[in-house]
file upload_28.tsv (TSV, N, CA and C atoms)
chain	number	residue	atom	x	y	z
A	6	MET	N	-164.22	73.57	24.42
A	6	MET	CA	-165.38	73.94	23.62
A	6	MET	C	-164.93	74.84	22.47
A	7	LYS	N	-165.60	74.71	21.40
A	7	LYS	CA	-165.30	75.49	20.21
A	7	LYS	C	-166.13	76.76	20.19
A	8	SER	N	-165.65	77.76	19.51
A	8	SER	CA	-166.38	79.00	19.28
A	8	SER	C	-166.62	79.14	17.79
A	9	LEU	N	-167.65	79.87	17.44
A	9	LEU	CA	-168.02	80.02	16.04
A	9	LEU	C	-168.37	81.48	15.79
A	10	THR	N	-167.86	82.02	14.72
A	10	THR	CA	-168.22	83.38	14.28
A	10	THR	C	-168.97	83.25	12.98
A	11	ILE	N	-170.09	83.94	12.88
A	11	ILE	CA	-170.89	83.90	11.65
A	11	ILE	C	-170.71	85.23	10.93
A	12	HIS	N	-170.14	85.19	9.76
A	12	HIS	CA	-169.89	86.40	8.98
A	12	HIS	C	-171.04	86.65	8.02
A	13	GLY	N	-171.29	87.91	7.74
A	13	GLY	CA	-172.24	88.29	6.70
A	13	GLY	C	-173.71	88.01	7.02
A	14	MET	N	-174.07	87.98	8.28
A	14	MET	CA	-175.47	87.76	8.64
A	14	MET	C	-176.26	89.02	8.32
A	15	ASP	N	-177.37	88.87	7.61
A	15	ASP	CA	-178.15	90.05	7.25
A	15	ASP	C	-178.94	90.56	8.46
A	16	ASP	N	-179.37	91.80	8.37
A	16	ASP	CA	-180.05	92.46	9.48
A	16	ASP	C	-181.35	91.77	9.87
A	17	ALA	N	-182.07	91.22	8.89
A	17	ALA	CA	-183.34	90.55	9.18
A	17	ALA	C	-183.11	89.32	10.07
A	18	MET	N	-182.10	88.52	9.73
A	18	MET	CA	-181.82	87.33	10.51
A	18	MET	C	-181.32	87.71	11.90
A	19	ALA	N	-180.42	88.66	11.97
A	19	ALA	CA	-179.89	89.10	13.26
A	19	ALA	C	-181.00	89.65	14.14
A	20	GLY	N	-181.90	90.42	13.54
A	20	GLY	CA	-183.02	90.98	14.30
A	20	GLY	C	-183.96	89.92	14.80
A	21	ARG	N	-184.25	88.92	13.95
A	21	ARG	CA	-185.15	87.84	14.35
A	21	ARG	C	-184.53	87.01	15.47
A	22	LEU	N	-183.23	86.74	15.38
A	22	LEU	CA	-182.56	86.01	16.44
A	22	LEU	C	-182.59	86.78	17.76
A	23	ALA	N	-182.29	88.06	17.69
A	23	ALA	CA	-182.30	88.88	18.90
A	23	ALA	C	-183.69	88.93	19.52
A	24	ALA	N	-184.72	89.04	18.70
A	24	ALA	CA	-186.09	89.09	19.20
A	24	ALA	C	-186.47	87.77	19.87
A	25	ARG	N	-186.10	86.64	19.26
A	25	ARG	CA	-186.43	85.33	19.85
A	25	ARG	C	-185.69	85.11	21.15
A	26	ALA	N	-184.45	85.56	21.21
A	26	ALA	CA	-183.68	85.43	22.45
A	26	ALA	C	-184.34	86.24	23.56
A	27	LYS	N	-184.76	87.44	23.22
A	27	LYS	CA	-185.42	88.30	24.21
A	27	LYS	C	-186.73	87.69	24.68
A	28	GLU	N	-187.52	87.16	23.75
A	28	GLU	CA	-188.79	86.52	24.10
A	28	GLU	C	-188.58	85.33	25.02
A	29	ALA	N	-187.52	84.57	24.76
A	29	ALA	CA	-187.24	83.37	25.56
A	29	ALA	C	-186.52	83.71	26.86
A	30	GLY	N	-186.04	84.94	26.98
A	30	GLY	CA	-185.31	85.33	28.19
A	30	GLY	C	-183.95	84.68	28.31
A	31	VAL	N	-183.31	84.45	27.17
A	31	VAL	CA	-181.99	83.84	27.16
A	31	VAL	C	-181.03	84.70	26.35
A	32	SER	N	-179.76	84.41	26.48
A	32	SER	CA	-178.77	85.15	25.70
A	32	SER	C	-178.86	84.70	24.24
A	33	LEU	N	-178.33	85.53	23.37
A	33	LEU	CA	-178.28	85.19	21.95
A	33	LEU	C	-177.46	83.92	21.74
A	34	ASN	N	-176.37	83.79	22.48
A	34	ASN	CA	-175.53	82.60	22.38
A	34	ASN	C	-176.30	81.33	22.73
A	35	LYS	N	-177.06	81.36	23.83
A	35	LYS	CA	-177.83	80.19	24.23
A	35	LYS	C	-178.90	79.85	23.20
A	36	LEU	N	-179.55	80.88	22.66
A	36	LEU	CA	-180.58	80.64	21.66
A	36	LEU	C	-179.98	79.96	20.43
A	37	VAL	N	-178.87	80.49	19.92
A	37	VAL	CA	-178.25	79.93	18.72
A	37	VAL	C	-177.81	78.49	18.97
A	38	LYS	N	-177.22	78.20	20.13
A	38	LYS	CA	-176.82	76.82	20.43
A	38	LYS	C	-178.04	75.91	20.49
A	39	SER	N	-179.12	76.39	21.06
A	39	SER	CA	-180.34	75.60	21.13
A	39	SER	C	-180.91	75.32	19.74
A	40	LEU	N	-180.94	76.35	18.89
A	40	LEU	CA	-181.45	76.18	17.53
A	40	LEU	C	-180.58	75.23	16.72
A	41	LEU	N	-179.27	75.34	16.87
A	41	LEU	CA	-178.37	74.44	16.16
A	41	LEU	C	-178.54	73.00	16.63
A	42	ALA	N	-178.64	72.80	17.94
A	42	ALA	CA	-178.83	71.44	18.47
A	42	ALA	C	-180.12	70.84	17.93
A	43	LYS	N	-181.18	71.63	17.93
A	43	LYS	CA	-182.47	71.14	17.44
A	43	LYS	C	-182.39	70.80	15.95
A	44	ALA	N	-181.77	71.67	15.17
A	44	ALA	CA	-181.65	71.45	13.72
A	44	ALA	C	-180.82	70.22	13.40
A	45	LEU	N	-179.86	69.90	14.27
A	45	LEU	CA	-178.98	68.76	14.04
A	45	LEU	C	-179.47	67.48	14.72
A	46	GLY	N	-180.62	67.57	15.38
A	46	GLY	CA	-181.17	66.40	16.05
A	46	GLY	C	-180.41	66.00	17.29
A	47	LEU	N	-179.77	66.96	17.93
A	47	LEU	CA	-179.00	66.70	19.14
A	47	LEU	C	-179.80	67.13	20.36
A	48	PRO	N	-179.52	66.52	21.51
A	48	PRO	CA	-180.21	66.97	22.72
A	48	PRO	C	-179.73	68.36	23.11
A	49	SER	N	-180.61	69.10	23.71
A	49	SER	CA	-180.25	70.44	24.17
A	49	SER	C	-179.19	70.32	25.25
A	50	VAL	N	-178.16	71.13	25.18
A	50	VAL	CA	-177.05	71.06	26.12
A	50	VAL	C	-177.26	72.10	27.21
A	51	ARG	N	-177.22	71.65	28.46
A	51	ARG	CA	-177.33	72.56	29.59
A	51	ARG	C	-175.94	73.03	30.00
A	52	SER	N	-175.90	74.19	30.59
A	52	SER	CA	-174.64	74.74	31.08
A	52	SER	C	-174.02	73.79	32.10
A	53	GLU	N	-172.73	73.54	31.97
A	53	GLU	CA	-172.04	72.67	32.93
A	53	GLU	C	-172.10	73.28	34.33
A	54	ARG	N	-171.97	74.61	34.44
A	54	ARG	CA	-172.04	75.24	35.75
A	54	ARG	C	-173.39	74.98	36.40
A	55	ARG	N	-174.44	75.05	35.63
A	55	ARG	CA	-175.77	74.85	36.16
A	55	ARG	C	-175.97	73.40	36.61
A	56	LYS	N	-175.46	72.45	35.84
A	56	LYS	CA	-175.62	71.05	36.20
A	56	LYS	C	-174.92	70.74	37.53
A	57	ASP	N	-173.86	71.47	37.84
A	57	ASP	CA	-173.14	71.23	39.09
A	57	ASP	C	-174.03	71.44	40.31
A	58	PHE	N	-175.07	72.24	40.18
A	58	PHE	CA	-175.92	72.59	41.32
A	58	PHE	C	-177.29	71.92	41.27
A	59	ASP	N	-177.54	71.07	40.28
A	59	ASP	CA	-178.85	70.42	40.14
A	59	ASP	C	-179.27	69.69	41.41
A	60	ALA	N	-178.34	69.03	42.08
A	60	ALA	CA	-178.69	68.25	43.26
A	60	ALA	C	-179.20	69.13	44.40
A	61	PHE	N	-178.87	70.42	44.36
A	61	PHE	CA	-179.27	71.31	45.44
A	61	PHE	C	-180.52	72.12	45.12
A	62	CYS	N	-180.97	72.10	43.90
A	62	CYS	CA	-182.11	72.92	43.49
A	62	CYS	C	-183.41	72.30	43.97
A	63	GLY	N	-184.19	73.09	44.67
A	63	GLY	CA	-185.52	72.66	45.10
A	63	GLY	C	-185.52	71.63	46.21
A	64	VAL	N	-184.46	71.56	47.01
A	64	VAL	CA	-184.41	70.54	48.05
A	64	VAL	C	-184.81	71.06	49.43
A	65	TRP	N	-184.99	72.37	49.57
A	65	TRP	CA	-185.42	72.90	50.86
A	65	TRP	C	-186.92	72.78	51.00
A	66	THR	N	-187.35	72.48	52.20
A	66	THR	CA	-188.77	72.53	52.49
A	66	THR	C	-189.15	74.00	52.65
A	67	PRO	N	-190.44	74.32	52.57
A	67	PRO	CA	-190.84	75.72	52.80
A	67	PRO	C	-190.37	76.24	54.16
A	68	LYS	N	-190.38	75.41	55.18
A	68	LYS	CA	-189.93	75.82	56.52
A	68	LYS	C	-188.43	76.13	56.50
A	69	GLU	N	-187.64	75.27	55.86
A	69	GLU	CA	-186.20	75.51	55.77
A	69	GLU	C	-185.90	76.80	55.01
A	70	ALA	N	-186.65	77.05	53.96
A	70	ALA	CA	-186.45	78.28	53.19
A	70	ALA	C	-186.76	79.50	54.04
A	71	GLU	N	-187.82	79.44	54.83
A	71	GLU	CA	-188.17	80.57	55.70
A	71	GLU	C	-187.11	80.80	56.77
A	72	VAL	N	-186.59	79.72	57.34
A	72	VAL	CA	-185.52	79.84	58.34
A	72	VAL	C	-184.31	80.51	57.71
A	73	PHE	N	-183.95	80.11	56.50
A	73	PHE	CA	-182.82	80.72	55.81
A	73	PHE	C	-183.06	82.21	55.56
A	74	ARG	N	-184.25	82.53	55.02
A	74	ARG	CA	-184.56	83.94	54.77
A	74	ARG	C	-184.47	84.76	56.04
A	75	GLY	N	-184.92	84.20	57.15
A	75	GLY	CA	-184.81	84.89	58.44
A	75	GLY	C	-183.36	85.09	58.86
A	76	ALA	N	-182.52	84.09	58.60
A	76	ALA	CA	-181.12	84.16	58.99
A	76	ALA	C	-180.34	85.21	58.20
A	77	VAL	N	-180.73	85.46	56.96
A	77	VAL	CA	-179.99	86.42	56.14
A	77	VAL	C	-180.68	87.77	56.04
A	78	ARG	N	-181.81	87.93	56.69
A	78	ARG	CA	-182.57	89.18	56.62
A	78	ARG	C	-181.72	90.38	57.05
A	79	GLY	N	-180.85	90.19	58.03
A	79	GLY	CA	-180.01	91.28	58.50
A	79	GLY	C	-179.06	91.82	57.44
A	80	PHE	N	-178.75	91.01	56.43
A	80	PHE	CA	-177.85	91.45	55.36
A	80	PHE	C	-178.54	92.43	54.41
A	81	GLU	N	-179.85	92.51	54.48
A	81	GLU	CA	-180.59	93.41	53.60
A	81	GLU	C	-180.59	94.85	54.11
A	82	LYS	N	-180.22	95.05	55.37
A	82	LYS	CA	-180.22	96.37	55.99
A	82	LYS	C	-178.92	97.10	55.66
A	83	ILE	N	-179.06	98.34	55.27
A	83	ILE	CA	-177.88	99.17	54.98
A	83	ILE	C	-177.65	100.09	56.19
A	84	ASP	N	-176.49	100.01	56.77
A	84	ASP	CA	-176.13	100.90	57.87
A	84	ASP	C	-175.50	102.14	57.28
A	85	ARG	N	-176.25	103.23	57.27
A	85	ARG	CA	-175.79	104.50	56.67
A	85	ARG	C	-174.48	104.96	57.31
A	86	GLU	N	-174.30	104.69	58.62
A	86	GLU	CA	-173.08	105.12	59.30
A	86	GLU	C	-171.83	104.50	58.69
A	87	ASP	N	-171.96	103.30	58.18
A	87	ASP	CA	-170.82	102.61	57.58
A	87	ASP	C	-170.39	103.26	56.27
A	88	TRP	N	-171.28	104.05	55.65
A	88	TRP	CA	-171.01	104.64	54.34
A	88	TRP	C	-170.80	106.15	54.41
A	89	ALA	N	-170.76	106.68	55.60
A	89	ALA	CA	-170.58	108.14	55.74
A	89	ALA	C	-169.14	108.54	55.60
call {"tool": "encode", "arguments": {"input": "upload_28.tsv", "output": "structure tokens"}}
result
Amino acid sequence: MKSLTIHGMDDAMAGRLAARAKEAGVSLNKLVKSLLAKALGLPSVRSERRKDFDAFCGVWTPKEAEVFRGAVRGFEKIDREDWA
């Protein structure tokens, strides 16, 4: 993958980009890539890491999710004795 540095960006543009990224809840990098893809008529590109897990997203039933939460509940407890 290529990287790109933009020199001489004025404060107004940088501020507007930062505000839009914050509103969208994404990084500035993701926002800029999305805007460039849209401007060039290209499909939006998803993170390769994220695509690797698509098959697993949303496949648990509510019962399976509850069983899992129950199984890991013990990991949420902090044993103060271990940290003394």
call {"tool": "atom_distance", "arguments": {"input": "upload_28.tsv", "atom1": "CA of Gly46 (chain A)", "atom2": "CA of Cys62 (chain A)"}}
result
28.2 Å
call {"tool": "atom_distance", "arguments": {"input": "upload_28.tsv", "atom1": "atom C of Leu9 (chain A)", "atom2": "CA of Leu22 (chain A)"}}
result
14.9 Å
call {"tool": "atom_distance", "arguments": {"input": "upload_28.tsv", "atom1": "atom C of Ala60 (chain A)", "atom2": "atom N of Lys7 (chain A)"}}
result
27.3 Å
call {"tool": "residues_around", "arguments": {"input": "upload_28.tsv", "residues": "Leu36 (chain A)", "least_positions_apart": "2", "cutoff": "12 Å", "atoms": "only C-alpha atoms", "output": "short mmCIF file (atom, residue, chain, number, x, y, z; two decimals) with N, CA and C atoms, in the frame of the given file"}}
result
data_model
loop_
_atom_site.label_atom_id
_atom_site.label_comp_id
_atom_site.auth_asym_id
_atom_site.auth_seq_id
_atom_site.Cartn_x
_atom_site.Cartn_y
_atom_site.Cartn_z
N ALA A 19 -180.42 88.66 11.97
CA ALA A 19 -179.89 89.10 13.26
C ALA A 19 -181.00 89.65 14.14
N ARG A 21 -184.25 88.92 13.95
CA ARG A 21 -185.15 87.84 14.35
C ARG A 21 -184.53 87.01 15.47
N LEU A 22 -183.23 86.74 15.38
CA LEU A 22 -182.56 86.01 16.44
C LEU A 22 -182.59 86.78 17.76
N ALA A 23 -182.29 88.06 17.69
CA ALA A 23 -182.30 88.88 18.90
C ALA A 23 -183.69 88.93 19.52
N ALA A 24 -184.72 89.04 18.70
CA ALA A 24 -186.09 89.09 19.20
C ALA A 24 -186.47 87.77 19.87
N ARG A 25 -186.10 86.64 19.26
CA ARG A 25 -186.43 85.33 19.85
C ARG A 25 -185.69 85.11 21.15
N ALA A 26 -184.45 85.56 21.21
CA ALA A 26 -183.68 85.43 22.45
C ALA A 26 -184.34 86.24 23.56
N LYS A 27 -184.76 87.44 23.22
CA LYS A 27 -185.42 88.30 24.21
C LYS A 27 -186.73 87.69 24.68
N GLU A 28 -187.52 87.16 23.75
CA GLU A 28 -188.79 86.52 24.10
C GLU A 28 -188.58 85.33 25.02
N ALA A 29 -187.52 84.57 24.76
CA ALA A 29 -187.24 83.37 25.56
C ALA A 29 -186.52 83.71 26.86
N GLY A 30 -186.04 84.94 26.98
CA GLY A 30 -185.31 85.33 28.19
C GLY A 30 -183.95 84.68 28.31
N VAL A 31 -183.31 84.45 27.17
CA VAL A 31 -181.99 83.84 27.16
C VAL A 31 -181.03 84.70 26.35
N SER A 32 -179.76 84.41 26.48
CA SER A 32 -178.77 85.15 25.70
C SER A 32 -178.86 84.70 24.24
N LEU A 33 -178.33 85.53 23.37
CA LEU A 33 -178.28 85.19 21.95
C LEU A 33 -177.46 83.92 21.74
N ASN A 34 -176.37 83.79 22.48
CA ASN A 34 -175.53 82.60 22.38
C ASN A 34 -176.30 81.33 22.73
N LYS A 38 -177.22 78.20 20.13
CA LYS A 38 -176.82 76.82 20.43
C LYS A 38 -178.04 75.91 20.49
N SER A 39 -179.12 76.39 21.06
CA SER A 39 -180.34 75.60 21.13
C SER A 39 -180.91 75.32 19.74
N LEU A 40 -180.94 76.35 18.89
CA LEU A 40 -181.45 76.18 17.53
C LEU A 40 -180.58 75.23 16.72
N LEU A 41 -179.27 75.34 16.87
CA LEU A 41 -178.37 74.44 16.16
C LEU A 41 -178.54 73.00 16.63
N ALA A 42 -178.64 72.80 17.94
CA ALA A 42 -178.83 71.44 18.47
C ALA A 42 -180.12 70.84 17.93
N LYS A 43 -181.18 71.63 17.93
CA LYS A 43 -182.47 71.14 17.44
C LYS A 43 -182.39 70.80 15.95
N SER A 49 -180.61 69.10 23.71
CA SER A 49 -180.25 70.44 24.17
C SER A 49 -179.19 70.32 25.25
N VAL A 50 -178.16 71.13 25.18
CA VAL A 50 -177.05 71.06 26.12
C VAL A 50 -177.26 72.10 27.21
N ARG A 51 -177.22 71.65 28.46
CA ARG A 51 -177.33 72.56 29.59
C ARG A 51 -175.94 73.03 30.00
#
call {"tool": "select_by_dssp", "arguments": {"input": "upload_28.tsv", "residues": "region 10-77 of chain A", "states": "helix (DSSP H, G or I)", "output": "ChimeraX atom specification"}}
result
/A:16-29,33-44,53-56,59-61,67-77
call {"tool": "write_last_selection", "arguments": {"input": "upload_28.tsv", "atoms": "N, CA and C atoms", "output": "compact mmCIF listing (two decimals), keeping the file's coordinate frame"}}
result
# COMPACT_ATOMS: atom_id res chain seq x y z
N ASP A 16 -179.37 91.80 8.37
CA ASP A 16 -180.05 92.46 9.48
C ASP A 16 -181.35 91.77 9.87
N ALA A 17 -182.07 91.22 8.89
CA ALA A 17 -183.34 90.55 9.18
C ALA A 17 -183.11 89.32 10.07
N MET A 18 -182.10 88.52 9.73
CA MET A 18 -181.82 87.33 10.51
C MET A 18 -181.32 87.71 11.90
N ALA A 19 -180.42 88.66 11.97
CA ALA A 19 -179.89 89.10 13.26
C ALA A 19 -181.00 89.65 14.14
N GLY A 20 -181.90 90.42 13.54
CA GLY A 20 -183.02 90.98 14.30
C GLY A 20 -183.96 89.92 14.80
N ARG A 21 -184.25 88.92 13.95
CA ARG A 21 -185.15 87.84 14.35
C ARG A 21 -184.53 87.01 15.47
N LEU A 22 -183.23 86.74 15.38
CA LEU A 22 -182.56 86.01 16.44
C LEU A 22 -182.59 86.78 17.76
N ALA A 23 -182.29 88.06 17.69
CA ALA A 23 -182.30 88.88 18.90
C ALA A 23 -183.69 88.93 19.52
N ALA A 24 -184.72 89.04 18.70
CA ALA A 24 -186.09 89.09 19.20
C ALA A 24 -186.47 87.77 19.87
N ARG A 25 -186.10 86.64 19.26
CA ARG A 25 -186.43 85.33 19.85
C ARG A 25 -185.69 85.11 21.15
N ALA A 26 -184.45 85.56 21.21
CA ALA A 26 -183.68 85.43 22.45
C ALA A 26 -184.34 86.24 23.56
N LYS A 27 -184.76 87.44 23.22
CA LYS A 27 -185.42 88.30 24.21
C LYS A 27 -186.73 87.69 24.68
N GLU A 28 -187.52 87.16 23.75
CA GLU A 28 -188.79 86.52 24.10
C GLU A 28 -188.58 85.33 25.02
N ALA A 29 -187.52 84.57 24.76
CA ALA A 29 -187.24 83.37 25.56
C ALA A 29 -186.52 83.71 26.86
N LEU A 33 -178.33 85.53 23.37
CA LEU A 33 -178.28 85.19 21.95
C LEU A 33 -177.46 83.92 21.74
N ASN A 34 -176.37 83.79 22.48
CA ASN A 34 -175.53 82.60 22.38
C ASN A 34 -176.30 81.33 22.73
N LYS A 35 -177.06 81.36 23.83
CA LYS A 35 -177.83 80.19 24.23
C LYS A 35 -178.90 79.85 23.20
N LEU A 36 -179.55 80.88 22.66
CA LEU A 36 -180.58 80.64 21.66
C LEU A 36 -179.98 79.96 20.43
N VAL A 37 -178.87 80.49 19.92
CA VAL A 37 -178.25 79.93 18.72
C VAL A 37 -177.81 78.49 18.97
N LYS A 38 -177.22 78.20 20.13
CA LYS A 38 -176.82 76.82 20.43
C LYS A 38 -178.04 75.91 20.49
N SER A 39 -179.12 76.39 21.06
CA SER A 39 -180.34 75.60 21.13
C SER A 39 -180.91 75.32 19.74
N LEU A 40 -180.94 76.35 18.89
CA LEU A 40 -181.45 76.18 17.53
C LEU A 40 -180.58 75.23 16.72
N LEU A 41 -179.27 75.34 16.87
CA LEU A 41 -178.37 74.44 16.16
C LEU A 41 -178.54 73.00 16.63
N ALA A 42 -178.64 72.80 17.94
CA ALA A 42 -178.83 71.44 18.47
C ALA A 42 -180.12 70.84 17.93
N LYS A 43 -181.18 71.63 17.93
CA LYS A 43 -182.47 71.14 17.44
C LYS A 43 -182.39 70.80 15.95
N ALA A 44 -181.77 71.67 15.17
CA ALA A 44 -181.65 71.45 13.72
C ALA A 44 -180.82 70.22 13.40
N GLU A 53 -172.73 73.54 31.97
CA GLU A 53 -172.04 72.67 32.93
C GLU A 53 -172.10 73.28 34.33
N ARG A 54 -171.97 74.61 34.44
CA ARG A 54 -172.04 75.24 35.75
C ARG A 54 -173.39 74.98 36.40
N ARG A 55 -174.44 75.05 35.63
CA ARG A 55 -175.77 74.85 36.16
C ARG A 55 -175.97 73.40 36.61
N LYS A 56 -175.46 72.45 35.84
CA LYS A 56 -175.62 71.05 36.20
C LYS A 56 -174.92 70.74 37.53
N ASP A 59 -177.54 71.07 40.28
CA ASP A 59 -178.85 70.42 40.14
C ASP A 59 -179.27 69.69 41.41
N ALA A 60 -178.34 69.03 42.08
CA ALA A 60 -178.69 68.25 43.26
C ALA A 60 -179.20 69.13 44.40
N PHE A 61 -178.87 70.42 44.36
CA PHE A 61 -179.27 71.31 45.44
C PHE A 61 -180.52 72.12 45.12
N PRO A 67 -190.44 74.32 52.57
CA PRO A 67 -190.84 75.72 52.80
C PRO A 67 -190.37 76.24 54.16
N LYS A 68 -190.38 75.41 55.18
CA LYS A 68 -189.93 75.82 56.52
C LYS A 68 -188.43 76.13 56.50
N GLU A 69 -187.64 75.27 55.86
CA GLU A 69 -186.20 75.51 55.77
C GLU A 69 -185.90 76.80 55.01
N ALA A 70 -186.65 77.05 53.96
CA ALA A 70 -186.45 78.28 53.19
C ALA A 70 -186.76 79.50 54.04
N GLU A 71 -187.82 79.44 54.83
CA GLU A 71 -188.17 80.57 55.70
C GLU A 71 -187.11 80.80 56.77
N VAL A 72 -186.59 79.72 57.34
CA VAL A 72 -185.52 79.84 58.34
C VAL A 72 -184.31 80.51 57.71
N PHE A 73 -183.95 80.11 56.50
CA PHE A 73 -182.82 80.72 55.81
C PHE A 73 -183.06 82.21 55.56
N ARG A 74 -184.25 82.53 55.02
CA ARG A 74 -184.56 83.94 54.77
C ARG A 74 -184.47 84.76 56.04
N GLY A 75 -184.92 84.20 57.15
CA GLY A 75 -184.81 84.89 58.44
C GLY A 75 -183.36 85.09 58.86
N ALA A 76 -182.52 84.09 58.60
CA ALA A 76 -181.12 84.16 58.99
C ALA A 76 -180.34 85.21 58.20
N VAL A 77 -180.73 85.46 56.96
CA VAL A 77 -179.99 86.42 56.14
C VAL A 77 -180.68 87.77 56.04
call {"tool": "axis_aligned_box", "arguments": {"input": "upload_28.tsv", "around": "region 69-88 of chain A", "padding_each_side": "6 Å", "output": "AutoDock Vina command-line options"}}
result
--center_x -179.3 --center_y 90.7 --center_z 56.2 --size_x 29.8 --size_y 42.9 --size_z 18.1
